[in-house]
Amino acid sequence: MAVSKTFPAEDIEKFALAGQQSFGENYLQEAVKKITQLAESPNCPALQWHFIGPIQSNKTREIAEHFDWVHSVDRLKIAQRLSAQRPQSKPDLQVLIQVNTSGEDSKSGVQPKEAFQLAQEISKLPGLKLRGFMTIPSNTLDNALLRQEFLSCKHLLDELRASGLDEADTLSMGMSADLELAIECGSTCVRVGSALFGSRT
Ligand SMILES: *Cc1c(COP(=O)(O)O)cnc(C)c1O
């Protein structure tokens with residue numbers, strides 16, 4: 001998935017014309033503007049939009065109305081609001097639970113030991129389809145630590161699938177700097193920004 005935050009719709013259009021279909025955004029107002037603009041573009045195919053930023057309760061309606069995927073759900077209340085606010089005319093919103101695998105206080109995400117329970121609850125909500133987990137690991141060059149954090153997320157998905165939730169098939173892990181390692185650890189969706197678009201100012 002291409003992370004297009006801070007880059008204009010014109011840049012996204014170039015990637016779309018080259019065949020890239022999935023784009024990730026963090027900032028809601030910026031994203032909605034680009035989504036609306038590109039939906040009207042005659043030479044831009046239908047795109048898949050992923051919300052990957054922190055979610056405040058008062059932002060859920062716009063996320064439910066404009067996005068195809070959300071990677072950053074980390075509490076039941078947010079999932080319940082997305083469920084209630086997903087327009088019936090749209091397919092289910094594809095949901096990933098963000099897991100705080102690094103244990104750092106500054107990181108959002110549910111604690112790994114609470115993720116399984118939260119996944120069970122979210123999987124029952126109408127209008128949503130629980131597809132797996134997302135993590136942002138420690139900001140470190142220590143590959144052993146990164147591997148441990150990625151694998152803890154992978155184990156959560158294995159556990160969820162073993163419990164019978166086989167629609168859960170997605171692990172969103174890896175960014176420009178660590179995508180190879182993330183794929184080795186089972187990632188099915190890397191979130192690549194600067195390696196595609198250049199550095200953000
Ligand atoms: C910005 C961002 C990315 C992309 O990071 P790069 O290092 O530019 O590839 C991926 N995931 C999330 C959640 C982000 O906020």
# chains A, B, ... in the order shown; residues from 1 in each chain; ligands from 1

$ closest_atom_pairs --of "chain A" --to "ligand 1" --cutoff "9 Å" --atoms "only C-alpha atoms and all ligand atoms" --output "JSON lines"
{"residue": "A:Ala2", "atom": "CA", "partner": "ligand 1", "partner_atom_place_in_ligand_line": "4 (C)", "distance": 7.9}
{"residue": "A:Val3", "atom": "CA", "partner": "ligand 1", "partner_atom_place_in_ligand_line": "4 (C)", "distance": 5.4}
{"residue": "A:Ser4", "atom": "CA", "partner": "ligand 1", "partner_atom_place_in_ligand_line": "1 (C)", "distance": 8.1}
{"residue": "A:Lys5", "atom": "CA", "partner": "ligand 1", "partner_atom_place_in_ligand_line": "1 (C)", "distance": 6.9}
{"residue": "A:Gly24", "atom": "CA", "partner": "ligand 1", "partner_atom_place_in_ligand_line": "10 (C)", "distance": 7.9}
{"residue": "A:Glu25", "atom": "CA", "partner": "ligand 1", "partner_atom_place_in_ligand_line": "15 (O)", "distance": 7.7}
{"residue": "A:Asn26", "atom": "CA", "partner": "ligand 1", "partner_atom_place_in_ligand_line": "15 (O)", "distance": 6.0}
{"residue": "A:Phe51", "atom": "CA", "partner": "ligand 1", "partner_atom_place_in_ligand_line": "13 (C)", "distance": 8.8}
{"residue": "A:Ile52", "atom": "CA", "partner": "ligand 1", "partner_atom_place_in_ligand_line": "13 (C)", "distance": 5.1}
{"residue": "A:Gly53", "atom": "CA", "partner": "ligand 1", "partner_atom_place_in_ligand_line": "13 (C)", "distance": 5.9}
{"residue": "A:Pro54", "atom": "CA", "partner": "ligand 1", "partner_atom_place_in_ligand_line": "13 (C)", "distance": 8.5}
{"residue": "A:His71", "atom": "CA", "partner": "ligand 1", "partner_atom_place_in_ligand_line": "13 (C)", "distance": 8.1}
{"residue": "A:Ser72", "atom": "CA", "partner": "ligand 1", "partner_atom_place_in_ligand_line": "13 (C)", "distance": 8.0}
{"residue": "A:Met134", "atom": "CA", "partner": "ligand 1", "partner_atom_place_in_ligand_line": "13 (C)", "distance": 8.7}
{"residue": "A:Thr135", "atom": "CA", "partner": "ligand 1", "partner_atom_place_in_ligand_line": "13 (C)", "distance": 8.1}
{"residue": "A:Ile136", "atom": "CA", "partner": "ligand 1", "partner_atom_place_in_ligand_line": "13 (C)", "distance": 6.5}
{"residue": "A:Ser172", "atom": "CA", "partner": "ligand 1", "partner_atom_place_in_ligand_line": "11 (N)", "distance": 8.8}
{"residue": "A:Met173", "atom": "CA", "partner": "ligand 1", "partner_atom_place_in_ligand_line": "11 (N)", "distance": 8.1}
{"residue": "A:Gly174", "atom": "CA", "partner": "ligand 1", "partner_atom_place_in_ligand_line": "10 (C)", "distance": 7.3}
{"residue": "A:Met175", "atom": "CA", "partner": "ligand 1", "partner_atom_place_in_ligand_line": "9 (O)", "distance": 4.2}
{"residue": "A:Ser176", "atom": "CA", "partner": "ligand 1", "partner_atom_place_in_ligand_line": "9 (O)", "distance": 3.6}
{"residue": "A:Ala177", "atom": "CA", "partner": "ligand 1", "partner_atom_place_in_ligand_line": "7 (O)", "distance": 6.1}
{"residue": "A:Asp178", "atom": "CA", "partner": "ligand 1", "partner_atom_place_in_ligand_line": "7 (O)", "distance": 8.5}
{"residue": "A:Leu179", "atom": "CA", "partner": "ligand 1", "partner_atom_place_in_ligand_line": "9 (O)", "distance": 8.5}
{"residue": "A:Val190", "atom": "CA", "partner": "ligand 1", "partner_atom_place_in_ligand_line": "10 (C)", "distance": 7.9}
{"residue": "A:Arg191", "atom": "CA", "partner": "ligand 1", "partner_atom_place_in_ligand_line": "10 (C)", "distance": 4.6}
{"residue": "A:Val192", "atom": "CA", "partner": "ligand 1", "partner_atom_place_in_ligand_line": "9 (O)", "distance": 3.9}
{"residue": "A:Gly193", "atom": "CA", "partner": "ligand 1", "partner_atom_place_in_ligand_line": "8 (O)", "distance": 3.5}
{"residue": "A:Ser194", "atom": "CA", "partner": "ligand 1", "partner_atom_place_in_ligand_line": "8 (O)", "distance": 3.7}
{"residue": "A:Ala195", "atom": "CA", "partner": "ligand 1", "partner_atom_place_in_ligand_line": "9 (O)", "distance": 5.9}
{"residue": "A:Leu196", "atom": "CA", "partner": "ligand 1", "partner_atom_place_in_ligand_line": "9 (O)", "distance": 7.8}
{"residue": "A:Phe197", "atom": "CA", "partner": "ligand 1", "partner_atom_place_in_ligand_line": "8 (O)", "distance": 8.1}
{"residue": "A:Gly198", "atom": "CA", "partner": "ligand 1", "partner_atom_place_in_ligand_line": "8 (O)", "distance": 8.0}
{"residue": "A:Ser199", "atom": "CA", "partner": "ligand 1", "partner_atom_place_in_ligand_line": "8 (O)", "distance": 7.0}
{"residue": "A:Arg200", "atom": "CA", "partner": "ligand 1", "partner_atom_place_in_ligand_line": "8 (O)", "distance": 7.6}

$ residues_around --residues "His155 in chain A" --least-positions-apart "2" --cutoff "12 Å" --atoms "only C-alpha atoms" --output "list of chain:residue names"
A:Val99, A:Thr101, A:Pro112, A:Lys113, A:Ala115, A:Phe116, A:Gly132, A:Phe133, A:Gln148, A:Glu149, A:Phe150, A:Leu151, A:Ser152, A:Cys153, A:Leu157, A:Asp158, A:Glu159, A:Leu160, A:Arg161, A:Ala162, A:Leu171, A:Cys185, A:Gly186, A:Ser187

$ atom_distance --atom1 "CA of Asn139 in chain A" --atom2 "CA of Asp105 in chain A"
13.1 Å

$ select_by_dssp --residues "range 40-184 of chain A" --states "alpha helix (DSSP H)" --output "PyMOL selection string"
chain A and resi 60-66+76-85+112-122+143-162+179-184

$ write_last_selection --atoms "C-alpha atoms" --output "CSV table (one decimal), in the first residue's frame"
chain,number,residue,atom,x,y,z
A,60,THR,CA,-15.4,8.1,12.9
A,61,ARG,CA,-18.3,9.2,10.7
A,62,GLU,CA,-16.1,10.6,8.0
A,63,ILE,CA,-13.8,7.5,8.1
A,64,ALA,CA,-16.9,5.2,7.8
A,65,GLU,CA,-18.2,7.2,4.9
A,66,HIS,CA,-15.0,7.7,2.8
A,76,LEU,CA,-14.2,-1.2,21.0
A,77,LYS,CA,-16.0,2.2,21.2
A,78,ILE,CA,-14.3,3.3,18.0
A,79,ALA,CA,-15.3,0.1,16.2
A,80,GLN,CA,-18.9,0.4,17.4
A,81,ARG,CA,-19.1,3.9,16.1
A,82,LEU,CA,-17.6,2.9,12.7
A,83,SER,CA,-20.1,0.0,12.6
A,84,ALA,CA,-23.1,2.2,13.3
A,85,GLN,CA,-21.9,4.9,10.9
A,112,PRO,CA,-1.1,-7.7,22.8
A,113,LYS,CA,-2.7,-9.5,25.6
A,114,GLU,CA,-6.0,-7.6,25.0
A,115,ALA,CA,-5.9,-7.9,21.2
A,116,PHE,CA,-7.5,-11.3,20.9
A,117,GLN,CA,-10.6,-10.4,23.1
A,118,LEU,CA,-11.0,-7.1,21.2
A,119,ALA,CA,-10.8,-8.9,17.9
A,120,GLN,CA,-13.6,-11.4,19.0
A,121,GLU,CA,-15.8,-8.5,19.9
A,122,ILE,CA,-15.2,-6.5,16.7
A,143,ASN,CA,16.6,-6.0,13.8
A,144,ALA,CA,16.3,-8.6,16.6
A,145,LEU,CA,13.9,-6.3,18.5
A,146,LEU,CA,12.0,-5.5,15.3
A,147,ARG,CA,11.7,-9.1,14.5
A,148,GLN,CA,10.4,-9.9,18.0
A,149,GLU,CA,7.7,-7.2,17.7
A,150,PHE,CA,6.6,-8.2,14.2
A,151,LEU,CA,6.4,-11.9,15.2
A,152,SER,CA,4.3,-11.1,18.2
A,153,CYS,CA,1.8,-9.6,15.8
A,154,LYS,CA,2.0,-12.6,13.5
A,155,HIS,CA,1.3,-14.9,16.5
A,156,LEU,CA,-1.8,-13.0,17.3
A,157,LEU,CA,-3.1,-13.5,13.8
A,158,ASP,CA,-2.3,-17.2,14.0
A,159,GLU,CA,-4.2,-17.5,17.2
A,160,LEU,CA,-7.2,-15.7,15.8
A,161,ARG,CA,-7.3,-17.9,12.8
A,162,ALA,CA,-6.9,-21.0,14.9
A,179,LEU,CA,9.6,-3.7,4.8
A,180,GLU,CA,11.9,-6.7,4.0
A,181,LEU,CA,12.1,-7.8,7.6
A,182,ALA,CA,8.3,-7.3,8.0
A,183,ILE,CA,7.7,-9.5,5.0
A,184,GLU,CA,10.0,-12.2,6.4

$ closest_residue --among "A:Gln94, A:Ser108, A:Gln48, A:Tyr27" --to "Arg75 in chain A" --atoms "only C-alpha atoms"
A:Ser108

$ select_by_dssp --residues "chain A" --states "strand (DSSP E or B)" --output "ChimeraX atom specification"
/A:2-3,22-25,48-51,69-73,93-99,110,128-135,170-172,189,192

$ atom_distance --atom1 "CA of Pro45 in chain A" --atom2 "CA of Ala168 in chain A"
27.0 Å
